[in-house]
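Trainee: Below you'll find work-v2.pdb; it's PDB, C-alpha atoms, pLDDT in the B column.
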ATOM      1  CA  MET A1424      68.184  64.393 120.276  1.00 53.00           C
ATOM      2  CA  VAL A1425      66.746  61.306 118.610  1.00 48.00           C
ATOM      3  CA  GLU A1426      67.557  59.226 121.686  1.00 56.00           C
ATOM      4  CA  VAL A1427      65.828  61.733 123.975  1.00 56.00           C
ATOM      5  CA  SER A1428      62.705  61.794 121.801  1.00 63.00           C
ATOM      6  CA  GLY A1429      62.677  57.996 121.791  1.00 58.00           C
ATOM      7  CA  LEU A1430      62.872  57.906 125.580  1.00 67.00           C
ATOM      8  CA  LEU A1431      60.081  60.459 125.832  1.00 73.00           C
ATOM      9  CA  LEU A1432      57.907  58.435 123.449  1.00 68.00           C
ATOM     10  CA  SER A1433      58.562  55.269 125.469  1.00 69.00           C
ATOM     11  CA  PHE A1434      57.667  57.118 128.651  1.00 73.00           C
ATOM     12  CA  LEU A1435      54.391  58.407 127.197  1.00 76.00           C
ATOM     13  CA  ARG A1436      53.423  54.961 125.842  1.00 72.00           C
ATOM     14  CA  THR A1437      54.067  53.374 129.227  1.00 74.00           C
ATOM     15  CA  LEU A1438      52.139  56.108 131.026  1.00 78.00           C
ATOM     16  CA  ILE A1439      49.104  55.721 128.753  1.00 77.00           C
ATOM     17  CA  LEU A1440      49.088  51.946 129.130  1.00 73.00           C
ATOM     18  CA  TYR A1441      49.484  52.254 132.891  1.00 74.00           C
ATOM     19  CA  LEU A1442      46.522  54.639 133.173  1.00 77.00           C
ATOM     20  CA  VAL A1443      44.380  52.377 130.960  1.00 75.00           C
ATOM     21  CA  LEU A1444      45.247  49.364 133.119  1.00 71.00           C
ATOM     22  CA  ILE A1445      44.465  51.203 136.354  1.00 72.00           C
ATOM     23  CA  ALA A1446      41.127  52.397 134.980  1.00 72.00           C
ATOM     24  CA  GLY A1447      40.297  48.907 133.719  1.00 69.00           C
ATOM     25  CA  MET A1448      41.149  47.185 136.995  1.00 65.00           C
ATOM     26  CA  ARG A1449      39.107  49.753 138.909  1.00 67.00           C
ATOM     27  CA  MET A1450      36.118  48.914 136.706  1.00 65.00           C
ATOM     28  CA  LEU A1451      36.612  45.197 137.284  1.00 61.00           C
ATOM     29  CA  GLY A1452      36.483  45.589 141.068  1.00 59.00           C
ATOM     30  CA  LYS A1453      38.728  45.535 144.128  1.00 49.00           C
ATOM     31  CA  ARG A1454      39.036  41.856 144.940  1.00 51.00           C
ATOM     32  CA  GLN A1455      42.482  40.624 145.890  1.00 47.00           C
ATOM     33  CA  ILE A1456      44.403  38.108 143.798  1.00 46.00           C
ATOM     34  CA  GLY A1457      43.613  35.309 146.246  1.00 49.00           C
ATOM     35  CA  GLN A1458      39.896  35.993 145.823  1.00 55.00           C
ATOM     36  CA  LEU A1459      39.767  36.010 142.014  1.00 60.00           C
ATOM     37  CA  GLU A1460      37.483  33.634 140.199  1.00 61.00           C
ATOM     38  CA  PRO A1461      39.240  31.425 137.591  1.00 62.00           C
ATOM     39  CA  SER A1462      37.990  33.589 134.715  1.00 66.00           C
ATOM     40  CA  GLU A1463      39.159  36.758 136.470  1.00 68.00           C
ATOM     41  CA  PHE A1464      42.596  35.268 137.093  1.00 70.00           C
ATOM     42  CA  VAL A1465      42.886  34.383 133.386  1.00 71.00           C
ATOM     43  CA  VAL A1466      41.900  37.939 132.445  1.00 73.00           C
ATOM     44  CA  ALA A1467      44.508  39.378 134.824  1.00 73.00           C
ATOM     45  CA  MET A1468      47.201  37.195 133.233  1.00 76.00           C
ATOM     46  CA  LEU A1469      46.112  38.160 129.711  1.00 76.00           C
ATOM     47  CA  ILE A1470      46.091  41.855 130.574  1.00 75.00           C
ATOM     48  CA  ALA A1471      49.623  41.630 131.967  1.00 74.00           C
ATOM     49  CA  ASP A1472      50.887  39.895 128.814  1.00 76.00           C
ATOM     50  CA  LEU A1473      49.056  42.205 126.406  1.00 75.00           C
ATOM     51  CA  ALA A1474      50.271  45.334 128.185  1.00 75.00           C
ATOM     52  CA  SER A1475      53.896  44.188 128.188  1.00 75.00           C
ATOM     53  CA  ILE A1476      54.057  43.879 124.372  1.00 74.00           C
ATOM     54  CA  PRO A1477      53.558  47.574 123.425  1.00 73.00           C
ATOM     55  CA  MET A1478      55.584  48.631 126.472  1.00 71.00           C
ATOM     56  CA  GLN A1479      58.658  46.663 125.421  1.00 69.00           C
ATOM     57  CA  ASN A1480      58.330  46.820 121.637  1.00 71.00           C
ATOM     58  CA  GLU A1481      58.175  50.348 120.258  1.00 70.00           C
ATOM     59  CA  GLY A1482      57.641  48.895 116.786  1.00 72.00           C
ATOM     60  CA  VAL A1483      54.104  47.937 117.810  1.00 70.00           C
ATOM     61  CA  PRO A1484      51.726  50.906 117.340  1.00 75.00           C
ATOM     62  CA  LEU A1485      50.171  52.027 120.600  1.00 72.00           C
ATOM     63  CA  LEU A1486      46.666  51.675 119.180  1.00 74.00           C
ATOM     64  CA  SER A1487      47.408  48.091 118.128  1.00 75.00           C
ATOM     65  CA  GLY A1488      48.411  47.371 121.710  1.00 73.00           C
ATOM     66  CA  LEU A1489      45.382  49.080 123.221  1.00 78.00           C
ATOM     67  CA  VAL A1490      42.782  47.334 121.043  1.00 81.00           C
ATOM     68  CA  PRO A1491      43.301  43.773 122.394  1.00 79.00           C
ATOM     69  CA  LEU A1492      43.736  45.164 125.907  1.00 77.00           C
ATOM     70  CA  LEU A1493      40.458  47.055 125.797  1.00 79.00           C
ATOM     71  CA  THR A1494      38.781  44.069 124.112  1.00 81.00           C
ATOM     72  CA  VAL A1495      39.722  41.765 126.994  1.00 78.00           C
ATOM     73  CA  LEU A1496      38.577  44.331 129.566  1.00 78.00           C
ATOM     74  CA  GLY A1497      35.304  44.812 127.709  1.00 79.00           C
ATOM     75  CA  LEU A1498      34.682  41.075 127.498  1.00 79.00           C
ATOM     76  CA  GLU A1499      35.333  40.696 131.207  1.00 76.00           C
ATOM     77  CA  LEU A1500      32.867  43.467 132.000  1.00 77.00           C
ATOM     78  CA  CYS A1501      30.250  41.770 129.806  1.00 81.00           C
ATOM     79  CA  LEU A1502      30.887  38.398 131.447  1.00 76.00           C
ATOM     80  CA  SER A1503      30.641  39.993 134.885  1.00 75.00           C
ATOM     81  CA  GLY A1504      27.252  41.404 133.948  1.00 78.00           C
ATOM     82  CA  LEU A1505      26.080  38.015 132.698  1.00 80.00           C
ATOM     83  CA  THR A1506      27.252  36.239 135.853  1.00 73.00           C
ATOM     84  CA  MET A1507      25.230  38.690 137.947  1.00 76.00           C
ATOM     85  CA  ALA A1508      22.142  38.301 135.774  1.00 79.00           C
ATOM     86  CA  SER A1509      22.169  34.504 135.283  1.00 76.00           C
ATOM     87  CA  VAL A1510      22.724  31.891 137.988  1.00 70.00           C
ATOM     88  CA  ARG A1511      23.172  29.158 135.370  1.00 76.00           C
ATOM     89  CA  PHE A1512      25.828  31.112 133.501  1.00 73.00           C
ATOM     90  CA  ARG A1513      27.561  31.958 136.788  1.00 72.00           C
ATOM     91  CA  ARG A1514      27.817  28.270 137.663  1.00 73.00           C
ATOM     92  CA  ILE A1515      29.210  27.437 134.226  1.00 75.00           C
ATOM     93  CA  LEU A1516      31.836  30.165 134.341  1.00 69.00           C
ATOM     94  CA  CYS A1517      32.742  30.202 138.039  1.00 71.00           C
ATOM     95  CA  GLY A1518      31.716  26.742 139.188  1.00 76.00           C
ATOM     96  CA  LYS A1519      29.970  26.157 142.501  1.00 82.00           C
ATOM     97  CA  PRO A1520      31.045  25.533 146.099  1.00 88.00           C
ATOM     98  CA  VAL A1521      32.090  21.974 146.966  1.00 91.00           C
ATOM     99  CA  ILE A1522      31.540  20.389 150.375  1.00 93.00           C
ATOM    100  CA  LEU A1523      34.718  18.599 151.496  1.00 93.00           C
ATOM    101  CA  ILE A1524      33.786  17.770 155.097  1.00 92.00           C
ATOM    102  CA  GLU A1525      30.263  17.021 156.294  1.00 92.00           C
ATOM    103  CA  ASN A1526      29.449  16.161 159.898  1.00 92.00           C
ATOM    104  CA  GLY A1527      33.087  15.406 160.666  1.00 88.00           C
ATOM    105  CA  LYS A1528      33.557  13.052 157.694  1.00 89.00           C
ATOM    106  CA  LEU A1529      35.719  13.558 154.639  1.00 90.00           C
ATOM    107  CA  LEU A1530      33.848  13.426 151.335  1.00 90.00           C
ATOM    108  CA  GLN A1531      36.588  11.709 149.358  1.00 90.00           C
ATOM    109  CA  GLN A1532      34.726  11.778 146.058  1.00 91.00           C
ATOM    110  CA  ASN A1533      34.303  15.559 146.288  1.00 91.00           C
ATOM    111  CA  MET A1534      37.971  15.936 147.205  1.00 89.00           C
ATOM    112  CA  ARG A1535      39.017  13.968 144.127  1.00 89.00           C
ATOM    113  CA  ALA A1536      36.658  16.010 141.922  1.00 88.00           C
ATOM    114  CA  ALA A1537      38.106  19.267 143.299  1.00 88.00           C
ATOM    115  CA  ARG A1538      41.668  17.857 143.130  1.00 88.00           C
ATOM    116  CA  ILE A1539      42.314  18.697 146.786  1.00 87.00           C
ATOM    117  CA  THR A1540      44.838  16.511 148.600  1.00 86.00           C
ATOM    118  CA  LEU A1541      44.804  15.706 152.300  1.00 83.00           C
ATOM    119  CA  ASP A1542      47.906  17.849 152.772  1.00 84.00           C
ATOM    120  CA  GLU A1543      46.206  20.861 151.161  1.00 88.00           C
ATOM    121  CA  LEU A1544      43.040  20.338 153.189  1.00 89.00           C
ATOM    122  CA  GLY A1545      45.050  19.991 156.394  1.00 87.00           C
ATOM    123  CA  SER A1546      46.927  23.201 155.602  1.00 89.00           C
ATOM    124  CA  HIS A1547      43.670  25.106 155.074  1.00 90.00           C
ATOM    125  CA  LEU A1548      42.247  23.744 158.326  1.00 91.00           C
ATOM    126  CA  ARG A1549      45.353  24.718 160.308  1.00 91.00           C
ATOM    127  CA  GLN A1550      45.070  28.238 158.926  1.00 91.00           C
ATOM    128  CA  LYS A1551      41.577  28.261 160.454  1.00 88.00           C
ATOM    129  CA  ASP A1552      43.014  27.052 163.811  1.00 87.00           C
ATOM    130  CA  VAL A1553      41.449  23.615 163.371  1.00 88.00           C
ATOM    131  CA  LEU A1554      43.520  20.502 164.142  1.00 84.00           C
ATOM    132  CA  ASP A1555      40.828  17.815 164.366  1.00 85.00           C
ATOM    133  CA  ILE A1556      38.706  16.968 161.317  1.00 87.00           C
ATOM    134  CA  GLY A1557      36.118  15.459 163.661  1.00 86.00           C
ATOM    135  CA  ALA A1558      35.516  18.919 165.156  1.00 89.00           C
ATOM    136  CA  VAL A1559      34.379  20.282 161.775  1.00 92.00           C
ATOM    137  CA  GLN A1560      30.706  20.091 160.897  1.00 92.00           C
ATOM    138  CA  PHE A1561      31.126  21.543 157.425  1.00 94.00           C
ATOM    139  CA  ALA A1562      34.113  22.569 155.299  1.00 94.00           C
ATOM    140  CA  ILE A1563      33.238  24.108 151.945  1.00 94.00           C
ATOM    141  CA  LEU A1564      35.627  24.907 149.107  1.00 91.00           C
ATOM    142  CA  GLU A1565      34.415  28.213 147.674  1.00 87.00           C
ATOM    143  CA  THR A1566      34.618  29.158 144.003  1.00 80.00           C
ATOM    144  CA  ASP A1567      37.492  31.564 144.670  1.00 74.00           C
ATOM    145  CA  GLY A1568      39.637  28.801 146.209  1.00 79.00           C
ATOM    146  CA  ASN A1569      39.116  29.757 149.846  1.00 85.00           C
ATOM    147  CA  LEU A1570      37.943  27.182 152.380  1.00 91.00           C
ATOM    148  CA  SER A1571      35.021  28.047 154.657  1.00 92.00           C
ATOM    149  CA  VAL A1572      35.167  26.051 157.885  1.00 93.00           C
ATOM    150  CA  PHE A1573      32.247  25.643 160.299  1.00 93.00           C
ATOM    151  CA  PRO A1574      33.123  23.780 163.510  1.00 91.00           C
ATOM    152  CA  TYR A1575      30.469  22.106 165.634  1.00 89.00           C
ATOM    153  CA  PRO A1576      28.779  24.619 167.967  1.00 84.00           C
ATOM    154  CA  ALA A1577      30.428  22.927 170.962  1.00 81.00           C
ATOM    155  CA  GLU A1578      33.852  23.596 169.428  1.00 78.00           C
ATOM    156  CA  VAL A1579      33.244  27.318 168.818  1.00 75.00           C
ATOM    157  CA  PRO A1580      34.764  29.641 171.466  1.00 74.00           C
ATOM    158  CA  ALA A1581      32.151  31.299 173.646  1.00 70.00           C
ATOM    159  CA  SER A1582      31.274  34.861 172.740  1.00 72.00           C
ATOM    160  CA  ALA A1583      30.758  37.666 175.243  1.00 70.00           C
ATOM    161  CA  ARG A1584      26.993  37.196 174.910  1.00 74.00           C
ATOM    162  CA  ASP A1585      27.300  33.463 175.613  1.00 70.00           C
ATOM    163  CA  ALA A1586      29.330  34.232 178.739  1.00 71.00           C
ATOM    164  CA  GLY A1587      26.850  36.876 179.884  1.00 73.00           C
ATOM    165  CA  ILE A1588      29.440  39.651 179.634  1.00 75.00           C
ATOM    166  CA  GLN A1589      28.414  43.157 178.619  1.00 76.00           C
ATOM    167  CA  ALA A1590      30.853  43.952 175.824  1.00 69.00           C
ATOM    168  CA  LYS A1591      31.973  47.501 175.290  1.00 74.00           C
ATOM    169  CA  LYS A1592      30.616  49.256 172.236  1.00 77.00           C
ATOM    170  CA  GLN A1593      33.109  49.656 169.396  1.00 78.00           C
ATOM    171  CA  TYR A1594      33.615  52.794 167.378  1.00 83.00           C
ATOM    172  CA  LEU A1595      35.231  53.340 164.012  1.00 85.00           C
ATOM    173  CA  PRO A1596      38.077  55.874 164.317  1.00 90.00           C
ATOM    174  CA  VAL A1597      38.426  58.614 161.720  1.00 91.00           C
ATOM    175  CA  THR A1598      41.934  59.464 160.509  1.00 93.00           C
ATOM    176  CA  ILE A1599      42.517  63.209 160.816  1.00 94.00           C
ATOM    177  CA  ILE A1600      46.272  63.334 160.139  1.00 93.00           C
ATOM    178  CA  GLU A1601      48.282  60.680 158.345  1.00 90.00           C
ATOM    179  CA  ASP A1602      52.043  61.049 157.946  1.00 87.00           C
ATOM    180  CA  GLY A1603      51.904  64.832 158.224  1.00 89.00           C
ATOM    181  CA  TYR A1604      48.903  65.219 155.901  1.00 92.00           C
ATOM    182  CA  LEU A1605      45.741  66.817 157.281  1.00 93.00           C
ATOM    183  CA  SER A1606      42.464  65.524 155.837  1.00 92.00           C
ATOM    184  CA  ARG A1607      40.007  68.381 156.182  1.00 92.00           C
ATOM    185  CA  ASP A1608      37.219  66.185 154.794  1.00 92.00           C
ATOM    186  CA  ASN A1609      37.744  63.657 157.607  1.00 92.00           C
ATOM    187  CA  LEU A1610      37.991  66.468 160.147  1.00 93.00           C
ATOM    188  CA  GLN A1611      34.564  67.645 159.051  1.00 92.00           C
ATOM    189  CA  LYS A1612      33.152  64.095 159.001  1.00 91.00           C
ATOM    190  CA  SER A1613      34.295  63.560 162.582  1.00 91.00           C
ATOM    191  CA  GLY A1614      32.302  66.598 163.691  1.00 92.00           C
ATOM    192  CA  LYS A1615      35.432  68.487 164.732  1.00 93.00           C
ATOM    193  CA  ASP A1616      36.795  71.834 163.607  1.00 93.00           C
ATOM    194  CA  GLY A1617      40.080  73.685 163.323  1.00 92.00           C
ATOM    195  CA  ALA A1618      39.875  74.973 166.888  1.00 94.00           C
ATOM    196  CA  TRP A1619      39.596  71.414 168.228  1.00 95.00           C
ATOM    197  CA  LEU A1620      42.567  70.341 166.115  1.00 94.00           C
ATOM    198  CA  ASP A1621      44.682  73.268 167.269  1.00 95.00           C
ATOM    199  CA  ARG A1622      43.874  72.442 170.901  1.00 95.00           C
ATOM    200  CA  VAL A1623      44.757  68.759 170.472  1.00 95.00           C
ATOM    201  CA  LEU A1624      48.080  69.550 168.815  1.00 94.00           C
ATOM    202  CA  ARG A1625      48.908  72.287 171.318  1.00 94.00           C
ATOM    203  CA  ASP A1626      48.242  69.977 174.283  1.00 94.00           C
ATOM    204  CA  ARG A1627      50.755  67.534 172.813  1.00 92.00           C
ATOM    205  CA  GLY A1628      53.270  70.155 171.873  1.00 92.00           C
ATOM    206  CA  THR A1629      53.338  69.218 168.207  1.00 93.00           C
ATOM    207  CA  THR A1630      52.276  70.304 164.738  1.00 93.00           C
ATOM    208  CA  VAL A1631      50.561  68.705 161.763  1.00 93.00           C
ATOM    209  CA  SER A1632      53.867  68.075 159.975  1.00 92.00           C
ATOM    210  CA  ASP A1633      55.330  66.327 163.065  1.00 93.00           C
ATOM    211  CA  THR A1634      52.301  64.049 163.478  1.00 93.00           C
ATOM    212  CA  PHE A1635      52.450  60.544 162.026  1.00 90.00           C
ATOM    213  CA  LEU A1636      48.889  59.565 162.993  1.00 91.00           C
ATOM    214  CA  LEU A1637      45.949  61.310 164.626  1.00 93.00           C
ATOM    215  CA  THR A1638      42.569  59.617 164.875  1.00 94.00           C
ATOM    216  CA  VAL A1639      39.379  60.287 166.806  1.00 93.00           C
ATOM    217  CA  ASP A1640      36.244  58.161 167.210  1.00 92.00           C
ATOM    218  CA  PRO A1641      32.626  59.092 168.082  1.00 90.00           C
ATOM    219  CA  SER A1642      33.401  58.516 171.780  1.00 89.00           C
ATOM    220  CA  ASP A1643      36.096  61.258 171.526  1.00 90.00           C
ATOM    221  CA  ARG A1644      38.899  58.751 172.035  1.00 91.00           C
ATOM    222  CA  ILE A1645      42.030  60.257 170.498  1.00 93.00           C
ATOM    223  CA  ARG A1646      45.046  58.324 169.265  1.00 92.00           C
ATOM    224  CA  TRP A1647      48.133  60.349 168.440  1.00 92.00           C
ATOM    225  CA  ILE A1648      51.570  59.143 167.275  1.00 89.00           C
ATOM    226  CA  ARG A1649      54.537  61.399 166.648  1.00 90.00           C
ATOM    227  CA  LYS A1650      56.721  60.800 163.603  1.00 87.00           C
ATOM    228  CA  GLY A1651      59.524  58.430 164.483  1.00 80.00           C
ATOM    229  CA  GLU A1652      57.662  56.754 167.346  1.00 69.00           C
ATOM    230  CA  THR A1653      56.578  53.107 167.194  1.00 53.00           C
ATOM    231  CA  SER A1654      53.303  53.468 169.104  1.00 52.00           C
TER
END
Could you render the structure as structure tokens?
Mentor:
Amino acid sequence: MVEVSGLLLSFLRTLILYLVLIAGMRMLGKRQIGQLEPSEFVVAMLIADLASIPMQNEGVPLLSGLVPLLTVLGLELCLSGLTMASVRFRRILCGKPVILIENGKLLQQNMRAARITLDELGSHLRQKDVLDIGAVQFAILETDGNLSVFPYPAEVPASARDAGIQAKKQYLPVTIIEDGYLSRDNLQKSGKDGAWLDRVLRDRGTTVSDTFLLTVDPSDRIRWIRKGETS
């Protein structure tokens, strides 16, 4: 009985901490790990460490574990507000973009200041489908660690407008059914109704539960995939 109550207590502590972490990360934003500013990455590491202590050690009161966790989250929210309000503070905390290539020439001093090696720069350029440094007009190291690459206009592939081609208009499809789940909100947003859905499913000889994906766009283009099919 004691062991069961201990397991239940551990479960509840973990659940509470999990919900607090989810709520905190939602407040901090939705940026991916690769797009975190240095301060945000530090906060993410601190949160992970602070949350693991009360999860693993039942001798630590839950409140004692929540206080530093909430303190870090609160500080990060305050710092985020300050970075939005003050350009000077934002530059101090997050730094500023660094130009690594200008008019096809490497700025070696900037590379040394940013601690970027030629191998790292070459890797970033290859990820942008660039093999020749001389084809790059500007390459800028952003504050989140990503590299923005701007080739010379002559090196940029021609767009449909440049080629004088009338490109087809694109539409954003709305997901009606996903893995057997019918979204009535999306059905309403798409301007369709239950009768339309019944007709679509009947024409394909299927049901909602047998449908893996059903989408429709404003041009009435329908995409339907049965469960178990690859396309």
Trainee: Fewer than 2 positions away in the same chain doesn't count, so skip those; otherwise give me all residues within 10 Å of range 1627-1640 of chain A, counting all atoms listed in the file, as a VMD selection string.
Mentor: chain A and resid 1593 to 1605 1609 to 1610 1613 to 1615 1620 to 1625 1642 to 1654
Trainee: Set the distance at 12 Å and use all atoms listed in the file: which residues neighbour Tyr1441 in chain A once local chain neighbours fewer than 6 positions away are removed? I'd like the list as a list in words.
Mentor: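 So, after excluding close chain neighbours, the residues are Phe1434, Leu1435, Gly1447, Met1448, Ile1470, Ala1471, Leu1473, Ala1474, Ser1475, Pro1477, Met1478, Leu1489 and Leu1492 of chain A.
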Trainee: What's the separation between CA of Pro1576 in chain A and CA of Asn1526 in chain A, in Å to one decimal place?
Mentor: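 Spanning CA of Pro1576 in chain A to CA of Asn1526 in chain A is a straight-line distance of 11.7 Å.
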Trainee: Report as a PyMOL selection string all protein, DNA and RNA residues lying within 10 Å of range 1533-1547 of chain A, evaluated on only C-alpha atoms, omitting residues in the same chain fewer than 2 positions from it.
Mentor: chain A and resi 1520-1524+1529-1531+1549-1556+1562+1564+1569-1572
Trainee: Using only C-alpha atoms, which residue out of A:Thr1566, A:Val1495, A:Cys1501, A:Leu1485 lies closest to Ile1515 in chain A?
Mentor: A:Thr1566
Trainee: By how many Å are CA of Val1483 in chain A and CA of Arg1436 in chain A apart?
Mentor: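 Calculated distance between CA of Val1483 in chain A and CA of Arg1436 in chain A is 10.7 Å.
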Trainee: Distance CA of Leu1431 in chain A-CA of Asn1480 in chain A, one decimal place?
Mentor: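 Answer for the CA of Leu1431 in chain A to CA of Asn1480 in chain A separation: 14.4 Å.
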Trainee: Which residue is closest to Glu1499 in chain A? Choose from A:Leu1486, A:Val1466, A:Ile1588, A:Ala1583 and count only C-alpha atoms.
Mentor: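 Closest to Glu1499 in chain A, using only C-alpha atoms: A:Val1466.
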Trainee: Since the input has fewer atoms than a full residue there, write range 1481-1508 of chain A out with N, CA and C atoms, as a tab-separated table (two decimals), in the frame of the given file.
Mentor:
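Wrote selection22.tsv, looks like this:
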chain	number	residue	atom	x	y	z
A	1481	GLU	N	58.63	49.07	120.81
A	1481	GLU	CA	58.18	50.35	120.26
A	1481	GLU	C	57.75	50.22	118.80
A	1482	GLY	N	58.07	49.10	118.16
A	1482	GLY	CA	57.64	48.90	116.79
A	1482	GLY	C	56.16	48.58	116.68
A	1483	VAL	N	55.54	48.22	117.80
A	1483	VAL	CA	54.10	47.94	117.81
A	1483	VAL	C	53.36	49.25	118.05
A	1484	PRO	N	52.48	49.67	117.14
A	1484	PRO	CA	51.73	50.91	117.34
A	1484	PRO	C	50.93	50.86	118.64
A	1485	LEU	N	50.86	51.98	119.32
A	1485	LEU	CA	50.17	52.03	120.60
A	1485	LEU	C	48.71	51.60	120.47
A	1486	LEU	N	48.06	52.04	119.39
A	1486	LEU	CA	46.67	51.68	119.18
A	1486	LEU	C	46.51	50.17	119.02
A	1487	SER	N	47.46	49.55	118.31
A	1487	SER	CA	47.41	48.09	118.13
A	1487	SER	C	47.56	47.36	119.46
A	1488	GLY	N	48.28	47.98	120.39
A	1488	GLY	CA	48.41	47.37	121.71
A	1488	GLY	C	47.21	47.61	122.59
A	1489	LEU	N	46.54	48.75	122.39
A	1489	LEU	CA	45.38	49.08	123.22
A	1489	LEU	C	44.13	48.30	122.82
A	1490	VAL	N	44.00	48.01	121.52
A	1490	VAL	CA	42.78	47.33	121.04
A	1490	VAL	C	42.57	45.98	121.72
A	1491	PRO	N	43.55	45.04	121.70
A	1491	PRO	CA	43.30	43.77	122.39
A	1491	PRO	C	43.15	43.94	123.90
A	1492	LEU	N	43.85	44.92	124.47
A	1492	LEU	CA	43.74	45.16	125.91
A	1492	LEU	C	42.33	45.61	126.28
A	1493	LEU	N	41.82	46.57	125.54
A	1493	LEU	CA	40.46	47.06	125.80
A	1493	LEU	C	39.41	45.99	125.46
A	1494	THR	N	39.71	45.15	124.46
A	1494	THR	CA	38.78	44.07	124.11
A	1494	THR	C	38.64	43.09	125.26
A	1495	VAL	N	39.77	42.70	125.86
A	1495	VAL	CA	39.72	41.76	126.99
A	1495	VAL	C	38.98	42.38	128.18
A	1496	LEU	N	39.26	43.65	128.47
A	1496	LEU	CA	38.58	44.33	129.57
A	1496	LEU	C	37.07	44.42	129.30
A	1497	GLY	N	36.72	44.73	128.05
A	1497	GLY	CA	35.30	44.81	127.71
A	1497	GLY	C	34.60	43.47	127.83
A	1498	LEU	N	35.27	42.41	127.38
A	1498	LEU	CA	34.68	41.08	127.50
A	1498	LEU	C	34.48	40.69	128.96
A	1499	GLU	N	35.46	41.03	129.79
A	1499	GLU	CA	35.33	40.70	131.21
A	1499	GLU	C	34.18	41.45	131.86
A	1500	LEU	N	34.00	42.71	131.47
A	1500	LEU	CA	32.87	43.47	132.00
A	1500	LEU	C	31.54	42.86	131.56
A	1501	CYS	N	31.47	42.41	130.31
A	1501	CYS	CA	30.25	41.77	129.81
A	1501	CYS	C	29.99	40.46	130.54
A	1502	LEU	N	31.04	39.67	130.73
A	1502	LEU	CA	30.89	38.40	131.45
A	1502	LEU	C	30.48	38.63	132.90
A	1503	SER	N	31.02	39.69	133.51
A	1503	SER	CA	30.64	39.99	134.88
A	1503	SER	C	29.16	40.33	134.97
A	1504	GLY	N	28.67	41.09	133.97
A	1504	GLY	CA	27.25	41.40	133.95
A	1504	GLY	C	26.39	40.17	133.77
A	1505	LEU	N	26.84	39.25	132.92
A	1505	LEU	CA	26.08	38.02	132.70
A	1505	LEU	C	26.07	37.13	133.94
A	1506	THR	N	27.21	37.07	134.64
A	1506	THR	CA	27.25	36.24	135.85
A	1506	THR	C	26.33	36.79	136.94
A	1507	MET	N	26.15	38.11	136.97
A	1507	MET	CA	25.23	38.69	137.95
A	1507	MET	C	23.78	38.48	137.55
A	1508	ALA	N	23.52	38.42	136.25
A	1508	ALA	CA	22.14	38.30	135.77
A	1508	ALA	C	21.66	36.85	135.70
